[in-house]
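Enquirer: Structure supplied as query39.cif; contents: mmCIF, C-alpha atoms.
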data_run
loop_
_atom_site.label_atom_id
_atom_site.label_comp_id
_atom_site.auth_asym_id
_atom_site.auth_seq_id
_atom_site.Cartn_x
_atom_site.Cartn_y
_atom_site.Cartn_z
CA MET Q 67 18.49 -126.47 113.70
CA ALA Q 68 17.00 -123.64 111.67
CA THR Q 69 15.90 -120.55 113.54
CA THR Q 70 12.14 -120.31 113.45
CA SER Q 71 10.12 -117.29 112.58
CA LYS Q 72 9.11 -116.90 116.20
CA GLN Q 73 12.72 -117.01 117.33
CA TYR Q 74 13.64 -114.26 114.90
CA LYS Q 75 10.78 -112.20 116.25
CA ALA Q 76 12.13 -112.66 119.76
CA ILE Q 77 15.64 -111.72 118.66
CA GLY Q 78 14.26 -108.59 117.04
CA GLU Q 79 12.36 -107.64 120.18
CA ASP Q 80 15.42 -108.12 122.35
CA LEU Q 81 17.60 -106.08 120.05
CA TRP Q 82 15.09 -103.25 120.04
CA LYS Q 83 14.80 -103.27 123.81
CA GLY Q 84 18.56 -103.28 124.11
CA ARG Q 85 19.10 -100.21 121.94
CA THR Q 86 20.27 -97.53 124.29
CA GLU Q 87 19.77 -94.54 122.05
CA LYS Q 88 16.23 -94.00 120.85
CA ILE Q 89 14.97 -90.98 119.01
CA ASN Q 90 11.46 -89.61 118.87
CA ALA Q 91 9.94 -91.05 115.71
CA GLU Q 92 8.19 -87.76 114.96
CA LEU Q 93 11.52 -86.00 114.73
CA PHE Q 94 12.65 -88.64 112.26
CA ALA Q 95 9.48 -88.47 110.19
CA LEU Q 96 9.47 -84.68 110.04
CA THR Q 97 13.14 -84.53 109.06
CA TYR Q 98 12.67 -87.10 106.32
CA GLY Q 99 9.57 -85.36 105.02
CA ALA Q 100 11.32 -82.00 104.87
CA LEU Q 101 14.20 -83.61 103.03
CA VAL Q 102 11.92 -85.12 100.38
CA VAL Q 103 10.25 -81.75 99.86
CA GLN Q 104 13.65 -80.12 99.41
CA LEU Q 105 14.79 -82.78 96.95
CA VAL Q 106 11.61 -82.35 94.92
CA GLN Q 107 12.25 -78.61 94.77
CA ASP Q 108 15.87 -79.08 93.79
CA TYR Q 109 15.53 -81.78 91.16
CA GLU Q 110 12.09 -80.85 89.79
CA ASP Q 111 11.85 -84.44 88.56
CA TYR Q 112 10.14 -87.18 90.56
CA ALA Q 113 11.99 -90.01 88.90
CA GLU Q 114 15.28 -88.37 89.81
CA VAL Q 115 14.11 -87.86 93.38
CA ASN Q 116 13.26 -91.56 93.60
CA LYS Q 117 16.75 -92.33 92.38
CA GLN Q 118 18.42 -89.97 94.85
CA LEU Q 119 16.39 -91.33 97.76
CA GLU Q 120 17.42 -94.86 96.81
CA LYS Q 121 21.05 -93.79 96.53
CA MET Q 122 20.91 -92.14 99.93
CA GLY Q 123 19.37 -95.29 101.31
CA TYR Q 124 22.12 -97.37 99.76
CA ASN Q 125 24.77 -95.33 101.58
CA ILE Q 126 22.87 -95.64 104.84
CA GLY Q 127 22.42 -99.37 104.35
CA THR Q 128 26.12 -100.02 103.86
CA ARG Q 129 26.76 -98.55 107.30
CA LEU Q 130 23.70 -99.94 109.00
CA ILE Q 131 24.61 -103.55 108.23
CA GLU Q 132 27.84 -103.35 110.20
CA ASP Q 133 25.98 -101.99 113.19
CA PHE Q 134 23.41 -104.75 112.75
CA LEU Q 135 25.91 -107.58 112.47
CA ALA Q 136 27.83 -106.33 115.48
CA ARG Q 137 24.75 -106.07 117.68
CA SER Q 138 22.85 -109.11 116.57
CA GLY Q 139 25.74 -111.51 116.23
CA LEU Q 140 23.72 -113.35 113.61
CA GLY Q 141 25.65 -115.56 111.23
CA ARG Q 142 25.20 -116.09 107.51
CA CYS Q 143 21.69 -116.89 106.37
CA ALA Q 144 21.20 -120.36 104.93
CA ASP Q 145 19.12 -119.18 102.00
CA PHE Q 146 17.34 -116.17 100.61
CA ARG Q 147 14.19 -117.16 102.39
CA GLU Q 148 15.98 -116.76 105.69
CA VAL Q 149 17.30 -113.39 104.53
CA GLY Q 150 13.73 -112.22 104.18
CA GLU Q 151 12.87 -113.37 107.68
CA VAL Q 152 15.87 -111.67 109.22
CA VAL Q 153 15.37 -108.42 107.33
CA ALA Q 154 11.74 -108.20 108.35
CA LYS Q 155 11.79 -109.47 111.89
CA VAL Q 156 15.21 -108.45 113.12
CA GLY Q 157 16.42 -105.71 110.81
CA PHE Q 158 13.40 -103.47 110.60
CA LYS Q 159 12.49 -104.22 114.20
CA SER Q 160 15.80 -103.19 115.68
CA PHE Q 161 16.11 -99.95 113.72
CA LEU Q 162 12.58 -98.73 113.13
CA ASN Q 163 10.64 -100.73 115.67
CA ILE Q 164 8.29 -102.10 113.03
CA THR Q 165 7.85 -105.62 111.75
CA PRO Q 166 6.70 -105.80 108.15
CA THR Q 167 5.06 -109.04 107.10
CA VAL Q 168 7.26 -111.10 104.84
CA THR Q 169 5.86 -113.20 102.02
CA HIS Q 170 8.21 -115.42 100.12
CA GLY Q 171 7.94 -115.34 96.37
CA ALA Q 172 7.40 -118.36 94.18
CA LEU Q 173 10.68 -120.06 93.36
CA PRO Q 174 11.96 -119.24 89.87
CA PRO Q 175 11.94 -121.96 87.21
CA ALA Q 176 15.03 -124.18 86.86
CA SER Q 177 17.85 -121.70 86.59
CA SER Q 178 20.33 -121.66 83.76
CA PRO Q 179 23.87 -122.31 84.91
CA THR Q 180 25.76 -119.23 86.01
CA ARG Q 181 29.44 -118.95 86.58
CA SER Q 182 31.20 -119.65 89.89
CA SER Q 183 29.77 -119.88 93.37
CA MET Q 184 26.12 -120.76 93.19
CA PRO Q 185 24.64 -122.52 96.17
CA PRO Q 186 22.87 -125.75 95.22
CA SER Q 187 19.54 -125.04 96.92
CA GLN Q 188 16.83 -123.80 94.58
CA ALA Q 189 15.82 -121.27 97.21
CA ASN Q 190 18.97 -119.37 96.41
CA ALA Q 191 18.51 -119.11 92.69
CA PRO Q 192 18.61 -115.65 91.13
CA GLY Q 193 15.09 -114.47 90.77
CA THR Q 194 14.05 -115.65 94.21
CA SER Q 195 12.22 -112.91 95.97
CA PHE Q 196 10.38 -111.91 99.08
CA THR Q 197 7.90 -109.15 99.64
CA LEU Q 198 7.68 -106.95 102.70
CA GLN Q 199 4.30 -105.57 103.57
CA PHE Q 200 4.23 -102.59 105.89
CA ASP Q 201 1.25 -102.00 108.16
CA GLU Q 202 2.90 -98.91 109.48
CA ASN Q 203 5.56 -96.70 108.00
CA PRO Q 204 7.33 -94.37 110.43
CA LEU Q 205 8.57 -92.24 107.55
CA ALA Q 206 5.11 -91.41 106.31
CA GLU Q 207 3.49 -90.45 109.61
CA PHE Q 208 2.15 -87.05 108.68
CA VAL Q 209 2.36 -87.30 104.94
CA GLU Q 210 -0.14 -86.66 102.23
CA LEU Q 211 1.17 -86.52 98.70
CA PRO Q 212 0.04 -83.71 96.42
CA GLU Q 213 -1.55 -84.47 93.06
CA GLU Q 214 1.57 -83.84 91.03
CA ALA Q 215 3.67 -86.13 93.19
CA LEU Q 216 1.13 -88.88 92.63
CA GLU Q 217 1.14 -88.32 88.90
CA GLY Q 218 4.91 -87.95 88.85
CA GLY Q 219 5.37 -91.38 90.33
CA LEU Q 220 7.10 -90.44 93.57
CA TRP Q 221 7.87 -93.32 95.92
CA PHE Q 222 8.03 -91.34 99.12
CA SER Q 223 9.81 -93.95 101.21
CA ASN Q 224 12.21 -95.06 98.50
CA VAL Q 225 15.10 -94.64 100.91
CA LEU Q 226 14.04 -97.96 102.45
CA CYS Q 227 14.67 -99.77 99.17
CA GLY Q 228 18.15 -98.33 99.06
CA VAL Q 229 18.86 -99.33 102.64
CA ILE Q 230 17.91 -102.93 101.87
CA ARG Q 231 20.02 -102.99 98.72
CA GLY Q 232 23.05 -101.42 100.42
CA ALA Q 233 22.91 -103.61 103.48
CA LEU Q 234 22.53 -106.85 101.54
CA GLU Q 235 25.29 -105.93 99.10
CA MET Q 236 27.69 -105.71 102.04
CA VAL Q 237 26.85 -109.31 102.85
CA GLN Q 238 27.50 -110.51 99.34
CA MET Q 239 24.03 -110.38 97.85
CA GLN Q 240 23.12 -108.20 94.93
CA VAL Q 241 19.43 -107.50 95.09
CA GLN Q 242 16.85 -105.31 93.53
CA ALA Q 243 14.47 -103.68 95.98
CA THR Q 244 11.53 -101.75 94.64
CA PHE Q 245 8.19 -100.50 95.83
CA VAL Q 246 5.22 -102.41 94.51
CA SER Q 247 2.53 -100.32 96.15
CA ASP Q 248 2.19 -97.53 98.68
CA VAL Q 249 -0.83 -96.40 100.68
CA LEU Q 250 0.39 -92.83 100.21
CA ARG Q 251 -0.45 -93.29 96.57
CA GLY Q 252 -3.89 -94.61 97.33
CA ASP Q 253 -2.94 -98.27 97.04
CA GLU Q 254 -4.34 -100.90 99.38
CA THR Q 255 -0.99 -101.83 100.86
CA THR Q 256 2.58 -100.65 101.15
CA GLU Q 257 4.88 -103.31 99.77
CA ILE Q 258 8.52 -103.62 98.82
CA ARG Q 259 9.68 -106.53 96.70
CA VAL Q 260 13.24 -107.69 97.13
CA THR Q 261 14.61 -109.88 94.35
CA LEU Q 262 17.94 -111.66 94.38
CA VAL Q 263 20.03 -110.78 91.36
CA LYS Q 264 23.08 -112.82 92.27
CA TYR Q 265 25.48 -113.72 94.98
CA LEU Q 266 28.69 -111.72 94.92
CA GLU Q 267 32.17 -113.10 95.07
CA GLU Q 268 33.64 -112.44 98.46
CA GLU Q 269 36.38 -109.91 98.01
CA MET Q 270 36.84 -108.85 101.59
CA PRO Q 271 35.38 -110.55 104.61
CA VAL Q 272 32.73 -108.44 106.28
CA GLY Q 273 33.59 -107.26 109.75
CA ASP Q 274 37.19 -108.40 109.59
CA ASP Q 275 39.85 -106.12 110.97
CA MET A 83 -6.40 -107.18 122.99
CA SER A 84 -8.98 -104.49 123.73
CA THR A 85 -11.38 -103.64 120.95
CA VAL A 86 -12.23 -100.13 122.14
CA PRO A 87 -9.10 -98.08 122.79
CA SER A 88 -9.56 -95.39 125.41
CA LEU A 89 -10.04 -91.95 123.89
CA ALA A 90 -7.07 -90.57 125.74
CA ALA A 91 -4.76 -93.07 124.12
CA VAL A 92 -6.07 -92.16 120.69
CA ALA A 93 -5.90 -88.41 121.23
CA ASP A 94 -2.47 -88.44 122.84
CA PRO A 95 -0.75 -91.59 121.67
CA PRO A 96 2.39 -92.69 123.51
CA PRO A 97 5.54 -91.45 121.78
CA ARG A 98 7.02 -93.82 119.21
CA TYR A 99 10.74 -94.20 118.75
CA VAL A 100 13.26 -95.18 116.16
CA ASP A 101 16.84 -96.22 116.74
CA GLY A 102 19.32 -93.45 117.43
CA ALA A 103 22.05 -94.94 115.27
CA ALA A 104 19.68 -95.18 112.30
CA MET A 105 18.81 -91.51 112.77
CA ASP A 106 22.51 -90.59 112.91
CA TYR A 107 23.33 -92.45 109.69
CA PHE A 108 20.30 -90.90 108.05
CA VAL A 109 21.27 -87.36 109.00
CA ILE A 110 24.84 -87.90 107.79
CA GLU A 111 23.65 -89.13 104.41
CA MET A 112 21.00 -86.42 104.32
CA VAL A 113 23.76 -83.81 104.31
CA ASN A 114 25.42 -85.54 101.36
CA ALA A 115 22.15 -85.81 99.50
CA LEU A 116 21.47 -82.12 100.05
CA ARG A 117 24.94 -81.17 98.94
CA ALA A 118 24.31 -82.94 95.64
CA SER A 119 20.80 -81.62 95.17
CA SER A 120 21.75 -78.03 95.97
CA ALA A 121 24.53 -78.23 93.37
CA VAL A 122 21.96 -79.37 90.80
CA ALA A 123 19.56 -76.60 91.72
CA THR A 124 22.29 -73.97 91.66
CA ALA A 125 23.52 -75.15 88.28
CA ARG A 126 20.01 -74.98 86.89
CA THR A 127 19.42 -71.48 88.23
CA LYS A 128 22.78 -70.30 86.95
CA LYS A 129 21.93 -71.70 83.54
CA VAL A 130 18.66 -69.81 83.44
CA GLU A 131 20.44 -66.68 84.62
CA GLN A 132 23.04 -67.05 81.91
CA GLU A 133 20.36 -67.54 79.27
CA MET A 134 18.69 -64.37 80.40
CA ILE A 135 21.96 -62.49 80.37
CA ASP A 136 22.71 -63.81 76.89
CA ALA A 137 19.28 -62.75 75.73
CA GLY A 138 19.94 -59.30 77.08
CA LEU A 139 17.15 -59.52 79.65
CA MET A 140 19.52 -59.22 82.59
CA PRO A 141 22.68 -57.21 83.10
CA ALA A 142 25.79 -59.24 83.84
CA PRO A 143 26.44 -59.15 87.61
CA ALA A 144 29.51 -57.29 88.91
CA PRO A 145 31.82 -59.58 90.91
CA PRO A 146 31.43 -58.78 94.65
CA PRO A 147 34.56 -58.06 96.77
CA PRO A 148 35.00 -61.52 98.35
CA ALA A 149 36.28 -60.52 101.82
CA LEU A 150 33.48 -58.08 102.51
CA LYS A 151 30.78 -60.54 101.43
CA LYS A 152 32.08 -63.20 103.78
CA GLU A 153 31.77 -60.95 106.82
CA GLN A 154 28.23 -59.98 105.96
CA MET A 155 27.23 -63.60 105.45
CA ARG A 156 28.43 -64.64 108.88
CA GLU A 157 26.32 -62.03 110.56
CA SER A 158 23.08 -62.62 108.79
CA MET A 159 22.67 -66.32 109.43
CA GLY A 160 18.93 -66.41 109.59
CA SER A 161 18.18 -64.48 106.44
CA ASN A 162 17.38 -65.70 102.99
CA LEU A 163 20.77 -66.08 101.40
CA SER A 164 19.94 -67.63 98.06
CA LEU A 165 20.37 -64.58 95.85
CA SER A 166 23.63 -63.49 97.37
CA SER A 167 25.03 -67.00 97.64
CA LEU A 168 24.56 -67.52 93.91
CA SER A 169 26.86 -64.64 93.15
CA LYS A 170 29.52 -66.15 95.37
CA THR A 171 31.87 -68.40 93.53
CA GLY A 172 32.71 -72.03 94.14
CA ARG A 173 32.77 -73.73 97.49
CA GLU A 174 31.64 -70.77 99.59
CA GLY A 175 28.45 -70.47 97.60
CA ASP A 176 27.81 -74.21 97.71
CA GLU A 177 28.29 -74.39 101.45
CA GLU A 178 25.88 -71.50 101.91
CA GLU A 179 23.28 -73.26 99.79
CA LEU A 180 23.68 -76.41 101.85
CA ARG A 181 23.50 -74.51 105.12
CA ALA A 182 20.37 -72.72 103.98
CA ARG A 183 18.71 -76.02 103.17
CA LEU A 184 19.66 -77.59 106.48
CA GLU A 185 18.29 -74.59 108.30
CA ALA A 186 15.07 -74.77 106.30
CA ILE A 187 14.64 -78.40 107.25
CA GLY A 188 15.32 -77.50 110.87
CA MET A 189 12.67 -74.81 110.75
CA HIS A 190 10.15 -77.23 109.32
CA VAL A 191 10.88 -79.80 112.01
CA GLY A 192 10.93 -77.25 114.83
CA ALA A 193 7.71 -75.59 113.73
CA ASN A 194 5.84 -78.86 113.46
CA MET A 195 7.17 -80.28 116.72
CA ALA A 196 6.31 -77.09 118.56
CA GLU A 197 2.84 -76.99 117.04
CA ARG A 198 2.10 -80.51 118.18
CA LEU A 199 3.44 -79.86 121.65
CA CYS A 200 1.45 -76.68 122.07
CA HIS A 201 -1.99 -77.88 121.10
CA ASP A 202 -3.03 -78.20 124.73
CA ARG A 203 -1.71 -75.02 126.19
CA GLY A 204 -2.70 -71.37 125.84
CA LEU A 205 -0.65 -68.59 124.29
CA PHE A 206 2.72 -67.72 125.73
CA THR A 207 2.63 -64.79 128.12
CA ASP A 208 5.98 -63.37 127.04
CA THR A 209 9.22 -64.17 125.26
CA LEU A 210 10.76 -65.74 128.34
CA ASP A 211 7.82 -68.10 128.53
CA ALA A 212 8.41 -69.16 124.94
CA ILE A 213 12.12 -69.64 125.51
CA LYS A 214 11.43 -71.75 128.58
CA PHE A 215 9.06 -73.87 126.49
CA ILE A 216 11.88 -74.48 124.02
CA CYS A 217 14.38 -75.30 126.76
CA LYS A 218 12.08 -77.73 128.55
CA ASP A 219 9.27 -79.12 126.44
CA LEU A 220 10.75 -78.98 122.97
CA TRP A 221 14.20 -80.19 124.00
CA ASN A 222 12.63 -82.99 126.02
CA ALA A 223 10.42 -84.13 123.19
CA CYS A 224 13.30 -84.15 120.74
CA TRP A 225 16.23 -85.39 122.81
CA ASP A 226 14.91 -86.66 126.14
CA LYS A 227 16.67 -84.01 128.13
CA GLN A 228 16.36 -80.32 128.88
CA VAL A 229 18.70 -77.51 128.03
CA ASP A 230 21.41 -77.45 130.66
CA ASN A 231 21.77 -73.73 131.10
CA LEU A 232 19.80 -70.69 130.03
CA ARG A 233 21.21 -67.22 130.25
CA THR A 234 19.83 -63.87 129.19
CA ASN A 235 20.91 -60.30 129.16
CA HIS A 236 17.30 -59.24 129.69
CA ARG A 237 17.55 -57.24 126.51
CA GLY A 238 16.33 -59.90 124.13
CA VAL A 239 19.40 -62.12 123.87
CA TYR A 240 19.12 -65.64 125.23
CA VAL A 241 21.89 -68.21 125.35
CA LEU A 242 20.84 -71.86 125.45
CA GLN A 243 23.55 -74.22 126.58
CA ASP A 244 23.47 -77.96 126.05
CA ASN A 245 26.52 -79.80 127.36
CA ALA A 246 25.78 -82.99 125.49
CA PHE A 247 23.78 -82.11 122.41
CA LYS A 248 22.44 -85.43 121.14
CA PRO A 249 22.92 -84.90 117.40
CA LEU A 250 26.57 -84.09 117.99
CA THR A 251 27.51 -86.65 120.63
CA ARG A 252 28.52 -89.30 118.14
CA ILE A 253 30.37 -87.12 115.68
CA SER A 254 34.13 -87.31 115.93
CA ASP A 255 36.39 -84.29 115.97
CA PRO A 256 38.24 -84.03 112.64
CA HIS A 257 41.18 -82.38 114.34
CA VAL A 258 41.80 -85.16 116.80
CA ILE A 259 44.50 -87.45 115.47
CA ARG A 260 43.82 -91.04 116.38
CA SER A 261 46.96 -93.05 117.09
#
For this file, produce the structure as structure tokens.
Expert:
Amino acid sequence: MATTSKQYKAIGEDLWKGRTEKINAELFALTYGALVVQLVQDYEDYAEVNKQLEKMGYNIGTRLIEDFLARSGLGRCADFREVGEVVAKVGFKSFLNITPTVTHGALPPASSPTRSSMPPSQANAPGTSFTLQFDENPLAEFVELPEEALEGGLWFSNVLCGVIRGALEMVQMQVQATFVSDVLRGDETTEIRVTLVKYLEEEMPVGDD
Amino acid sequence: MSTVPSLAAVADPPPRYVDGAAMDYFVIEMVNALRASSAVATARTKKVEQEMIDAGLMPAPAPPPPALKKEQMRESMGSNLSLSSLSKTGREGDEEELRARLEAIGMHVGANMAERLCHDRGLFTDTLDAIKFICKDLWNACWDKQVDNLRTNHRGVYVLQDNAFKPLTRISDPHVIRS
């Protein structure tokens, strides 16, 4: 019996309520903002800052996933579609107390054969994607980007893309997570697209001791 | 769902939270990110310095006596250390750069938090009043508790004691050997 969207929402809510240690979101937002400013000053290159934010996120994500798996007790997702649901409704909810809307991308055309373990379902084919749309972004609470950051192409919250990539890599999925739009840049919405690159061979079981 | 939120709720929204573990992981990785970025910035500045020295625009710096510098650094924690830390070689200089950046971030956070917390109240009557604000209101807003003990010598030195400082509670002691 597949877990429904509503059930995931409930799981997310419960996990959030059960978190014992909660930090003032302002503290978090201010710290992150100050860090981005410092990185911009140090690198003097917005593309490089984007890269460093993503890398930092990746490192965070690889640790976050263990915490998440331990607390949620959720098993393996059946397909990439389910991954999107869990990331949006349980992942983001339990760590940032937000629930981005998830839209599943159109399935890719009939995939060319790839080597080794490839799940039969089309919904797992490389190229499958989902998009997360954020109504609120705790990182960008007090933020207004200056002209040169806009022109330089800074993705302020790029750390989130890294977190998604790092976390999913630890559960055997290589993905690409990138910002599509950001209200900080004057766009209508803030969206991250997550695309499956491939499933990874299991080298070491996650969470085994 | 109400369509007209009360003005009070809009003016003073209830505090929002994020998960403590997420914040911890973020801060840990933030230190690493800053270590890398400060190395890049230092390298770039050193390069420019070297170019200026090569072009004869700047005299080559005399190497400072290392022991003496270290003592002076420890005492002047709050000051702008960038110029002197560049002349320090290797790891000492890098650590100073990192520490300076962390402190700068702390100042930014503290200043903004305090500003938001103070928008209702009048000016502080004296230094003690300001210190008490930090011990109670600021500490509470940041870490849901107050400073455990405040001492002063009544000559301008205040000691704030927190027996369970939240940012440090989940960091392990590197000297403890786990069997």
Enquirer: Could you work out which residues of chain Q fall inside 7 Å of chain A? Count all atoms listed in the file, and format the result as an MDAnalysis selection string.
Expert: chainID Q and resid 85 87:91 93:94 96:97 100:101 105 108:109 122 125:126 161:163
Enquirer: Mind checking which residues fall within 7 Å of stretch 211-218 of chain Q, counting only C-alpha atoms, ignoring those fewer than 5 positions away in the same chain, and posting them as a list of chain:residue names?
Expert: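 The contact residues come out as Q:Tyr112, Q:Leu250, Q:Arg251.
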Enquirer: Just give me the gap between atom CA of Q:Ser195 and atom CA of Q:Glu210 in Å, one decimal is fine.
Expert: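 It comes out at 29.7 Å.
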Enquirer: Quick check, in Å to one decimal: how far apart do atom CA of Q:Gln242 and atom CA of Q:Arg259 lie?
Expert: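 Interatomic distance, atom CA of Q:Gln242 to atom CA of Q:Arg259: 7.9 Å.
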Enquirer: Considering all atoms listed in the file, state which residue in the set Q:Gly123, Q:Gly150, Q:Gly141, Q:Gly157 is at the smallest distance from Q:Asn190.
Expert: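 Nearest candidate to Q:Asn190 out of Q:Gly123, Q:Gly150, Q:Gly141, Q:Gly157: Q:Gly150.
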Enquirer: What is the atom CA of Q:Glu202-atom CA of Q:Val153 distance in Å, reported with one decimal?
Expert: 15.8 Å
Enquirer: Using the file's own x, y and z axes, what box holds all listed atoms of stretch 230-235 of chain Q with 3 Å on each side, keeping edges along x, y and z, and what are its centre and edge lengths in Å to one decimal, as JSON?
Expert:
{"center_x": 21.6, "center_y": -104.1, "center_z": 101.1, "size_x": 13.4, "size_y": 11.4, "size_z": 10.8}
Enquirer: Report the residues retrieved by the PyMOL selection byres ((chain Q and resi 245) around 7) from the displayed file, expressed as an NGL selection string.
Expert: :Q and (244 or 246-247 or 257-259)
Enquirer: May I have the residues within 9 Å of Q:Val209 as a list in words, using only C-alpha atoms and disregarding those fewer than 3 positions away in the same chain?
Expert: Ala95, Gly99, Leu205, Ala206 and Leu250 of chain Q
Enquirer: Given the PyMOL selection byres ((chain Q and resi 147) around 9) and the file above, list the residues it selects as a list of chain:residue names.
Expert: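 Selected by the PyMOL selection byres ((chain Q and resi 147) around 9) in this file: Q:Cys143, Q:Ala144, Q:Asp145, Q:Phe146, Q:Glu148, Q:Val149, Q:Gly150, Q:Glu151, Q:Val152, Q:His170, Q:Gly171, Q:Ala189, Q:Asn190, Q:Thr194, Q:Ser195, Q:Phe196.
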Enquirer: Taking the file above as input, evaluate the PyMOL selection byres ((chain Q and resi 164) around 10) and report the hits as an MDAnalysis selection string.
Expert: (chainID Q and resid 78:79 82 154:163 165:167 200:204) or (chainID A and resid 100)
Enquirer: Fewer than 2 positions away in the same chain doesn't count, so skip those; otherwise give me all residues within 12 Å of A:Cys200, counting all atoms listed in the file, as a PyMOL selection string.
Expert: chain A and resi 192-198+202-206+212+215-216+219-220+223
Enquirer: Pick from A:Ser88, A:Gln243, A:Thr251, A:Thr127: nearest to A:Cys217, with all atoms listed in the file counted?
Expert: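 Once distances to A:Cys217 are computed over all atoms listed in the file, the minimum belongs to A:Gln243.
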Enquirer: For stretch 92-103 of chain A, supply N, CA, C and O atoms and format the output as a tab-separated table (two decimals), in the frame of the given file.
Expert:
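Result went into part-v3.tsv, see below:
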chain	number	residue	atom	x	y	z
A	92	VAL	N	-5.98	-92.51	122.11
A	92	VAL	CA	-6.07	-92.16	120.69
A	92	VAL	C	-5.70	-90.69	120.48
A	92	VAL	O	-5.00	-90.34	119.54
A	93	ALA	N	-6.16	-89.84	121.39
A	93	ALA	CA	-5.90	-88.41	121.23
A	93	ALA	C	-4.44	-88.08	121.50
A	93	ALA	O	-3.84	-87.27	120.81
A	94	ASP	N	-3.87	-88.72	122.49
A	94	ASP	CA	-2.47	-88.44	122.84
A	94	ASP	C	-1.70	-89.74	122.86
A	94	ASP	O	-1.41	-90.28	123.92
A	95	PRO	N	-1.38	-90.26	121.69
A	95	PRO	CA	-0.75	-91.59	121.67
A	95	PRO	C	0.63	-91.56	122.33
A	95	PRO	O	1.28	-90.51	122.34
A	96	PRO	N	1.07	-92.66	122.89
A	96	PRO	CA	2.39	-92.69	123.51
A	96	PRO	C	3.46	-92.44	122.43
A	96	PRO	O	3.27	-92.84	121.29
A	97	PRO	N	4.54	-91.78	122.79
A	97	PRO	CA	5.54	-91.45	121.78
A	97	PRO	C	6.17	-92.72	121.19
A	97	PRO	O	6.43	-93.66	121.90
A	98	ARG	N	6.36	-92.70	119.86
A	98	ARG	CA	7.02	-93.82	119.21
A	98	ARG	C	8.48	-93.43	118.99
A	98	ARG	O	8.80	-92.25	118.88
A	99	TYR	N	9.31	-94.46	118.89
A	99	TYR	CA	10.74	-94.20	118.75
A	99	TYR	C	11.34	-94.95	117.58
A	99	TYR	O	10.81	-95.96	117.13
A	100	VAL	N	12.45	-94.42	117.10
A	100	VAL	CA	13.26	-95.18	116.16
A	100	VAL	C	14.68	-95.20	116.75
A	100	VAL	O	14.99	-94.44	117.65
A	101	ASP	N	15.51	-96.07	116.21
A	101	ASP	CA	16.84	-96.22	116.74
A	101	ASP	C	17.72	-94.99	116.50
A	101	ASP	O	17.70	-94.42	115.42
A	102	GLY	N	18.47	-94.63	117.52
A	102	GLY	CA	19.32	-93.45	117.43
A	102	GLY	C	20.40	-93.56	116.38
A	102	GLY	O	20.69	-92.60	115.67
A	103	ALA	N	21.00	-94.75	116.27
A	103	ALA	CA	22.05	-94.94	115.27
A	103	ALA	C	21.49	-94.77	113.85
A	103	ALA	O	22.12	-94.14	113.00
